[in-house]
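**Q** The structure under discussion is supplied below as structure tokens; questions concerning it will follow.
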Amino acid sequence: MTTETLSETAAAAPKFSIRTVLHNAGIGLALLALIVFFSLFTEHFLTPNNITNILTQITINLVLAVGMTFVILIGGIDLSVGSVMAFAAVVAGKAITLPGFGPAEAIALAVVAATLTGVFCGFLNGAISAYWSLPSFIITLGMLNIARGAALQVSEAQTIYSFPFAFEEFGSAMIYGVPVVFLVALVLVFIAWFVLNFTVFGRLIYGIGNNEEAVRLAGHSVARYKIAAFTICGLTAGIAAVVYMARLNISSPIAGIGFELNAIAAVIIGGTSLSGGRGSVIGTLLGAFIIGVLANGLILIGLSDFMRQMITGVVIIVAVILDYYRAKYAAK
Amino acid sequence: MAAASLAAAPAAAPDRAFLTVEGLKKHFGGVKALDGVSFSLDEGEVHALVGENGAGKSTLIKILSGVFPYDAGQIVLAGEAYRPLSPHDAKDHGVQVVHQEFNLLEHLTIAENISIEQLPKNSFGLLDRKEMNRRARKALDAIGLTDVDVTAPVRSLGIAHRQLVEIARALQSKSRILILDEPTATLTERETKRLFDIVAGIKADGVTVVFVSHHLDEVFAICDRVTVFRNGKTIATDLISETTPEGVVQRMVGRKLAAEQEEHPDRHALGESALRLENLVTAANPGSTGVSLDLRYGEIVGISGLVGAGRTEILRGIFGIDPPQSGKIFRDGAEVRFKGPRDAIAAGIGFVTEDRKDEGLILGMPIAANISLANMGSVSRSGLLKLAEETRQAVASAARLTLKYGRTSDPASSLSGGNQQKVVLAKWLARNPKVLLLDEPTRGVDVGAKAEIYAILKDLAREGVALLVVSSEMPELMTLADRILVLAEHEIQGEVKRPDFSEENILKLAYGQTPGAGENDK
């Protein structure tokens with residue numbers, strides 16, 4: 001049969017075109033270019049200390065962005081992650097400072113409290129927007145306020161501190177100069193990558209982002225997957241809260257303001273389409289790096305923090321414009 | 001009927017022709033939408049355009065109103081070549097269209113809607129509300145809508161009045177040609193009569209009215225001439241006074257029907273009842289008495305009818321997408337209630353939807369992922385994908401359906417229309433359905449792939465699958481089906497059995513011309 005031979009040869013010979021390589025490696029090349037640029041034009045960029053710095057700086061954003069990738073892949077958005085992170089941190093801060101627990105139990109209690117708080121908020125985001133088919137933009141905007149208010153209420157607007165010493169140790173621990181918290185974030189990236197590429201769940205997340213109706217007509221419960229995506233996003237906000245507490249050794253109810261925007265920026269710069277269905281968590285990893293490297297490098301080069309902010313803004317816009325051309329290219 | 005007198009009015013003389021269309025052609029990709037359209041319009045006549053769905057009427061209207069350019073042929077308007085560049089340009093030439101779908105802005109007032117194209121300004125450059133309302137009043141009075149307040153928002157109007165407001169809007173600027181695209185589709189009888197009175201008034205003012213309709217009784221009530229379309233061509237233009245509804249239907253059908261019908265597939269014994277409907281009423285038309293039918297294993301039943309007759313709604317109702325309002329569904333003789341597609345799929349039903357792009361396929365995702373979409377269980381274990389197994393199954397079903405593709409990891413969008421449709425089929429065949437619902441299974445599919453899809457469907461029936469096929473293409477139904485149910489107004493008007501298959505028999509039912517159902521003096 002002609003068709004059989006056709007498909008066999010096709011399966012045997014994977015086609016590598018320069019186009020697909022450029023398409024997929026574009027973000028990586030951009031990151032590489034930035035690194036080369038800053039290495040050449042600043043003295044301290046490529047020093048071990050500074051690399052550790054960058055890794056530490058991007059960790060929280062990366063954790064938040066991993067969850068955000070799921071939500072954006074289904075065509076949603078979560079504006080509440082910064083507030084939810086603060087809320088989770090405050091709840092965990094209350095838990096960890098409860099009297100009568102040893103350090104190990106207190107830390108475990110805090111981790112559970114933070115993740116459950118995040119999961120609860122994320123679940124609400126997903127359930128409300130899926131059940132009434134409301135735009136997640138508005139629902140999570142509401143949650144942004146609710147979680148921030150709850151954080152201030154629970155903490156009575158006070159910063160919570162004096163955590164067990166072991167917790168602080170974890171926050172500043174390194175392995176060969178790599179912060180342990182960054183490794184935690186990397187593990188999350190790996191898990192997300194695996195889930196998105198090798199599970200039925202991940203397949204349907206992409207499917208829903210591309211064509212919700214086709215997925216529904218194929219007999220799948222779209223609402224359930226949407227709720228799951230937001231719950232994952234809430235979970236990563238809870239994990240980010242733990243990282244934040246461990247690093248700073250405090251829980252502040254005003255932490256994480258604007259973090260949602262940095263997380264969204266990392267996902268978008270990483271090439272995930274805001275309309276959903278297209279993108280990858282590896283892209284998100286690179287996107288978080290680009291933001292972190294830019295922030296660090298521009299300050300080393302001597303630009304003010306304001307200039308840095310402006311340039312980051314330009315990068316976001318350029319990334320979306322590039323994505324426009326990529327989509328147009330792909331459609332042909 | 002009051003408007004009936006119009007038909008008796010003498011048809012315009014040929015020398016008054018002021019729009020002539022000659023040899024008009026238009027392609028969309030490989031599809032010939034118009035393949036030689038010629039006709040003329042006289043000043044002050046009411047001219048009907050009729051033809052089956054997809055015969056080219058809508059394309060012609062869109063060309064005349066400047067939505068699409070045309071590929072070949074020529075149009076002459078009032079002695080000058082006419083090639084509208086945009087809807088705006090067409091309007092400047094006095095060609096106005098009242099579309100089937102409404103173009104009104106619901107939250108604005110009637111007056112704002114009527115003046116939206118050219119809002120009056122006062123000497124400060126601000127909106128002149130008084131002038132705007134005055135113009136709107138004048139426009140509505142002109143078509144006899146004296147009882148409607150122009151400052152009311154459009155959303156407060158019923159469907160019929162919206163239609164009339166659209167007409168008022170079209171008429172307020174100097175129109176020479178007014179095209180009404182199925183204006184009565186949503187109107188009640190009384191409203192239709194009012195519309196006809198308005199058309200008579202417009203005609204008296206010397207405006208040419210082009211009237212597109214599926215309702216031949218209306219065409220015969222108000223039109224002077226009728227042009228029949230078939231397969232993108234104009235077949236003939238007749239004076240209404242010199243033809244009959246039967247004559248028009250015959251022109252729509254054409255002579256050669258026999259060819260495909262002759263090929264009689266070897267009939268096989270039919271099994272038990274696979275799917276039975278009892279007075280199934282869909283949300284789209286809660287007023288009807290519903291649809292009853294009985295589909296047996298090994299049988300292919302066709303559903304014919306005009307667009308809007310409620311064909312797709314039946315399939316969506318069965319599949320649990322839009323839960324039916326009332327009525328019963330029996331699967332293997334037992335009553336079932338599907339809460340969603342999931343339940344229907346679990347009951348062994350598959351649904352090949354009409355719209356590949358929006359409902360059938362995930363175009364951006366790999367072919368293999370599309371094929372496994374409804375059957376994730378067989379390509380995974382405890383939630384983990386078995387990618388090799390998925391590819392294996394995709395290659396196997398691609399071979400079965402003679403799919404022409406590169407790799408199963410290529411996106412579905414890389415395939416041609418016919419092959420995309422095969423992927424949709426493959427998705428459902430992967431589940432080995434007992435009942436397969438198909439909505440326009442070969443729309444946008446080239447002739448070769450069509451024949452292949454027909455062969456696949458017939459094989460399925462031979463294997464005992466029950467198939468319910470909705471199609472606008474009558475030759476398709478006549479090739480595939482054991483019997484054809486004809487739907488109009490969300491009710492089955494009748495059934496045509498294989499020996500009686502002819503486009504004429506089907507069309508007569510679809511247009512309500514059967515003795516008893518037709519000849520309606522409503």
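Chains: A, B, ... in order of the structure tokens. Residues: from 1 per chain. Ligands: from 1, in order shown.
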Hey, list the chain B side of the contact with chain A: 7 Å cut-off, only C-alpha atoms, answer as a list in words.

**A**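 On the chain B side, the interface is Pro341, Arg342, Ile345, Asp358, Glu359, Gly360, Leu361, Ile362, Gly364, Leu373, Ala374, Met376, Gly383, Leu384, Leu385, Ala399, Thr402, Lys404, Gly406 and Arg407 of chain B.
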
**Q** Please report, as JSON lines, each residue of range 114-232 of chain B lying at most 10 Å from range 236-249 of chain B, together with the nearest pair of atoms and the separation in Å rounded to one decimal; use only C-alpha atoms, and order rows by chain and ascending residue number.

**A**
{"residue": "B:His215", "atom": "CA", "partner": "B:Pro245", "partner_atom": "CA", "distance": 10.0}
{"residue": "B:Leu216", "atom": "CA", "partner": "B:Pro245", "partner_atom": "CA", "distance": 6.4}
{"residue": "B:Asp217", "atom": "CA", "partner": "B:Pro245", "partner_atom": "CA", "distance": 7.7}
{"residue": "B:Val219", "atom": "CA", "partner": "B:Ile240", "partner_atom": "CA", "distance": 8.4}
{"residue": "B:Phe220", "atom": "CA", "partner": "B:Ile240", "partner_atom": "CA", "distance": 6.5}
{"residue": "B:Ala221", "atom": "CA", "partner": "B:Ile240", "partner_atom": "CA", "distance": 9.2}
{"residue": "B:Ile222", "atom": "CA", "partner": "B:Ile240", "partner_atom": "CA", "distance": 9.3}
{"residue": "B:Cys223", "atom": "CA", "partner": "B:Ile240", "partner_atom": "CA", "distance": 6.8}
{"residue": "B:Asp224", "atom": "CA", "partner": "B:Ile240", "partner_atom": "CA", "distance": 5.5}
{"residue": "B:Arg225", "atom": "CA", "partner": "B:Leu239", "partner_atom": "CA", "distance": 4.5}
{"residue": "B:Val226", "atom": "CA", "partner": "B:Asp238", "partner_atom": "CA", "distance": 5.4}
{"residue": "B:Thr227", "atom": "CA", "partner": "B:Thr237", "partner_atom": "CA", "distance": 4.2}
{"residue": "B:Val228", "atom": "CA", "partner": "B:Ala236", "partner_atom": "CA", "distance": 5.7}
{"residue": "B:Phe229", "atom": "CA", "partner": "B:Ala236", "partner_atom": "CA", "distance": 7.8}
{"residue": "B:Arg230", "atom": "CA", "partner": "B:Ala236", "partner_atom": "CA", "distance": 9.8}

**Q** Write a file of the selected residues as a PDB file, in the first residue's frame, keeping C-alpha atoms.

**A**
ATOM      1  CA  HIS B 215     -40.381  30.158   0.487  1.00  0.00           C
ATOM      2  CA  LEU B 216     -41.744  29.834  -3.023  1.00  0.00           C
ATOM      3  CA  ASP B 217     -45.227  30.950  -1.975  1.00  0.00           C
ATOM      4  CA  VAL B 219     -41.774  34.515  -4.191  1.00  0.00           C
ATOM      5  CA  PHE B 220     -44.950  33.996  -6.138  1.00  0.00           C
ATOM      6  CA  ALA B 221     -46.821  36.499  -3.987  1.00  0.00           C
ATOM      7  CA  ILE B 222     -44.580  39.529  -4.478  1.00  0.00           C
ATOM      8  CA  CYS B 223     -42.021  38.992  -7.219  1.00  0.00           C
ATOM      9  CA  ASP B 224     -42.070  39.902 -10.889  1.00  0.00           C
ATOM     10  CA  ARG B 225     -39.303  37.603 -12.033  1.00  0.00           C
ATOM     11  CA  VAL B 226     -37.345  34.722 -10.576  1.00  0.00           C
ATOM     12  CA  THR B 227     -33.773  33.614 -11.281  1.00  0.00           C
ATOM     13  CA  VAL B 228     -32.841  30.071 -10.319  1.00  0.00           C
ATOM     14  CA  PHE B 229     -29.347  29.139  -9.103  1.00  0.00           C
ATOM     15  CA  ARG B 230     -27.823  25.704  -9.133  1.00  0.00           C
TER      16      ARG B 230
END

**Q** Can you pull out the residues contacting Ser472 in chain B? Cut-off 8 Å, using only C-alpha atoms, and skip same-chain residues under 4 positions away; I want them as an MDAnalysis selection string.

**A** chainID B and resid 53 304:307 440

**Q** For the selection just defined, write its residues with N, CA and C atoms to a file, as an mmCIF file, in the first residue's frame.

**A**
data_model
loop_
_atom_site.group_PDB
_atom_site.id
_atom_site.type_symbol
_atom_site.label_atom_id
_atom_site.label_comp_id
_atom_site.auth_asym_id
_atom_site.auth_seq_id
_atom_site.Cartn_x
_atom_site.Cartn_y
_atom_site.Cartn_z
ATOM 1 N N ASN B 53 -29.366 25.386 -0.811
ATOM 2 C CA ASN B 53 -28.279 25.892 0.019
ATOM 3 C C ASN B 53 -26.974 25.697 -0.739
ATOM 4 N N SER B 304 -32.668 15.363 5.463
ATOM 5 C CA SER B 304 -32.550 16.466 4.524
ATOM 6 C C SER B 304 -33.395 17.624 5.028
ATOM 7 N N GLY B 305 -33.200 18.754 4.424
ATOM 8 C CA GLY B 305 -33.969 19.927 4.834
ATOM 9 C C GLY B 305 -33.140 21.161 4.588
ATOM 10 N N LEU B 306 -33.791 22.295 4.596
ATOM 11 C CA LEU B 306 -33.072 23.535 4.336
ATOM 12 C C LEU B 306 -32.335 23.967 5.585
ATOM 13 N N VAL B 307 -31.369 24.863 5.394
ATOM 14 C CA VAL B 307 -30.668 25.423 6.547
ATOM 15 C C VAL B 307 -31.692 26.074 7.464
ATOM 16 N N GLU B 440 -23.128 16.933 7.880
ATOM 17 C CA GLU B 440 -22.413 17.379 6.678
ATOM 18 C C GLU B 440 -21.045 16.692 6.589
#

**Q** Please identify all polymer residues within 10 Å of Gly66 in chain B, counting only C-alpha atoms, omitting same-chain residues fewer than 2 positions from it, and present them as a VMD selection string.

**A** chain B and resid 60 to 64 68 to 70 82 to 91 95

**Q** Keeping only N, CA and C atoms, write the selected residues as a compact mmCIF listing (two decimals), in the first residue's frame.

**A**
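part26.txt was written with the following content:
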# COMPACT_ATOMS: atom_id res chain seq x y z
N LEU B 60 -23.20 35.74 -4.37
CA LEU B 60 -23.55 36.81 -5.31
C LEU B 60 -23.89 38.09 -4.55
N ILE B 61 -24.69 37.94 -3.51
CA ILE B 61 -25.09 39.12 -2.73
C ILE B 61 -23.87 39.79 -2.14
N LYS B 62 -22.95 38.98 -1.65
CA LYS B 62 -21.76 39.55 -1.03
C LYS B 62 -20.90 40.27 -2.07
N ILE B 63 -20.90 39.77 -3.29
CA ILE B 63 -20.14 40.45 -4.34
C ILE B 63 -20.82 41.77 -4.69
N LEU B 64 -22.14 41.71 -4.86
CA LEU B 64 -22.87 42.94 -5.22
C LEU B 64 -22.72 44.01 -4.14
N PHE B 68 -16.89 40.80 -1.15
CA PHE B 68 -15.81 40.10 -1.87
C PHE B 68 -15.64 40.74 -3.25
N PRO B 69 -14.43 40.71 -3.79
CA PRO B 69 -14.27 41.02 -5.21
C PRO B 69 -14.63 39.79 -6.03
N TYR B 70 -14.83 39.95 -7.35
CA TYR B 70 -15.08 38.77 -8.16
C TYR B 70 -13.90 38.47 -9.05
N TYR B 82 -19.29 48.06 -12.80
CA TYR B 82 -19.49 48.14 -11.35
C TYR B 82 -18.60 47.10 -10.68
N ARG B 83 -17.67 47.58 -9.87
CA ARG B 83 -16.78 46.68 -9.13
C ARG B 83 -16.57 47.27 -7.75
N PRO B 84 -17.54 47.04 -6.85
CA PRO B 84 -17.47 47.70 -5.55
C PRO B 84 -16.25 47.23 -4.76
N LEU B 85 -15.56 48.18 -4.14
CA LEU B 85 -14.33 47.85 -3.42
C LEU B 85 -14.62 47.50 -1.97
N SER B 86 -15.75 47.98 -1.46
CA SER B 86 -16.07 47.77 -0.05
C SER B 86 -17.58 47.94 0.09
N PRO B 87 -18.14 47.47 1.21
CA PRO B 87 -19.57 47.69 1.43
C PRO B 87 -19.92 49.17 1.35
N HIS B 88 -18.99 50.00 1.80
CA HIS B 88 -19.24 51.43 1.77
C HIS B 88 -19.37 51.93 0.33
N ASP B 89 -18.48 51.43 -0.51
CA ASP B 89 -18.48 51.78 -1.92
C ASP B 89 -19.80 51.35 -2.57
N ALA B 90 -20.25 50.14 -2.23
CA ALA B 90 -21.50 49.63 -2.78
C ALA B 90 -22.65 50.55 -2.38
N LYS B 91 -22.63 50.99 -1.14
CA LYS B 91 -23.70 51.87 -0.67
C LYS B 91 -23.70 53.19 -1.43
N VAL B 95 -26.48 50.50 -3.66
CA VAL B 95 -26.82 49.08 -3.45
C VAL B 95 -26.83 48.82 -1.95

**Q** According to DSSP computed on the backbone, where in range 132-308 of chain A is there helix (DSSP H, G or I)? Give the residues as a PyMOL selection string.

**A** chain A and resi 136-155+165-172+180-198+200-217+222-248+259-269+281-300+305-308

**Q** Can you pull out every residue within 6 Å of range 164-175 of chain A, counting only C-alpha atoms, but drop anything in the same chain fewer than 6 positions away, and send it as JSON, numbers by chain?

**A** {"A": [103, 246, 247, 249]}

**Q** I'd like the neighbourhood of Gly317 in chain B as an NGL selection string, where a residue qualifies if any of its atoms comes within 12 Å (using only C-alpha atoms), though same-chain residues fewer than 5 positions away should be ignored.

**A** :B and (277 or 279-285 or 290-291 or 310-312 or 322-329 or 337-341 or 344 or 351 or 437)

**Q** Include C-alpha atoms and write out the residues we just selected as a JSON list (two decimals), in the first residue's frame.

**A**
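Final file, result.json:
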[["chain", "number", "residue", "atom", "x", "y", "z"],
["B", 277, "LEU", "CA", -36.54, 9.31, 19.17],
["B", 279, "ASN", "CA", -41.18, 13.65, 19.90],
["B", 280, "LEU", "CA", -37.74, 15.04, 20.60],
["B", 281, "VAL", "CA", -38.09, 18.81, 20.92],
["B", 282, "THR", "CA", -34.92, 20.87, 20.80],
["B", 283, "ALA", "CA", -34.32, 24.18, 22.50],
["B", 284, "ALA", "CA", -34.06, 25.89, 19.12],
["B", 285, "ASN", "CA", -37.78, 25.45, 18.50],
["B", 290, "GLY", "CA", -40.80, 17.37, 17.87],
["B", 291, "VAL", "CA", -39.05, 14.70, 15.90],
["B", 310, "GLY", "CA", -33.47, 22.09, 12.69],
["B", 311, "ARG", "CA", -31.27, 19.29, 11.36],
["B", 312, "THR", "CA", -28.13, 19.95, 13.38],
["B", 322, "ASP", "CA", -28.01, 20.96, 24.01],
["B", 323, "PRO", "CA", -30.27, 18.85, 26.20],
["B", 324, "PRO", "CA", -33.67, 18.44, 24.52],
["B", 325, "GLN", "CA", -36.64, 20.32, 25.93],
["B", 326, "SER", "CA", -38.94, 17.34, 25.89],
["B", 327, "GLY", "CA", -39.37, 13.98, 24.25],
["B", 328, "LYS", "CA", -37.57, 10.72, 24.73],
["B", 329, "ILE", "CA", -34.45, 9.03, 23.43],
["B", 337, "ARG", "CA", -30.98, 10.67, 29.37],
["B", 338, "PHE", "CA", -27.61, 12.09, 28.44],
["B", 339, "LYS", "CA", -26.30, 14.88, 30.64],
["B", 340, "GLY", "CA", -23.55, 15.63, 28.18],
["B", 341, "PRO", "CA", -21.46, 14.23, 25.34],
["B", 344, "ALA", "CA", -23.67, 9.76, 24.88],
["B", 351, "PHE", "CA", -20.78, 12.58, 16.53],
["B", 437, "LEU", "CA", -24.16, 10.78, 13.94]]

**Q** For a test of reading the model, state the distance in Å between CA of Ile58 in chain A and CA of Ala266 in chain A, rounded to one decimal.

**A** 10.1 Å
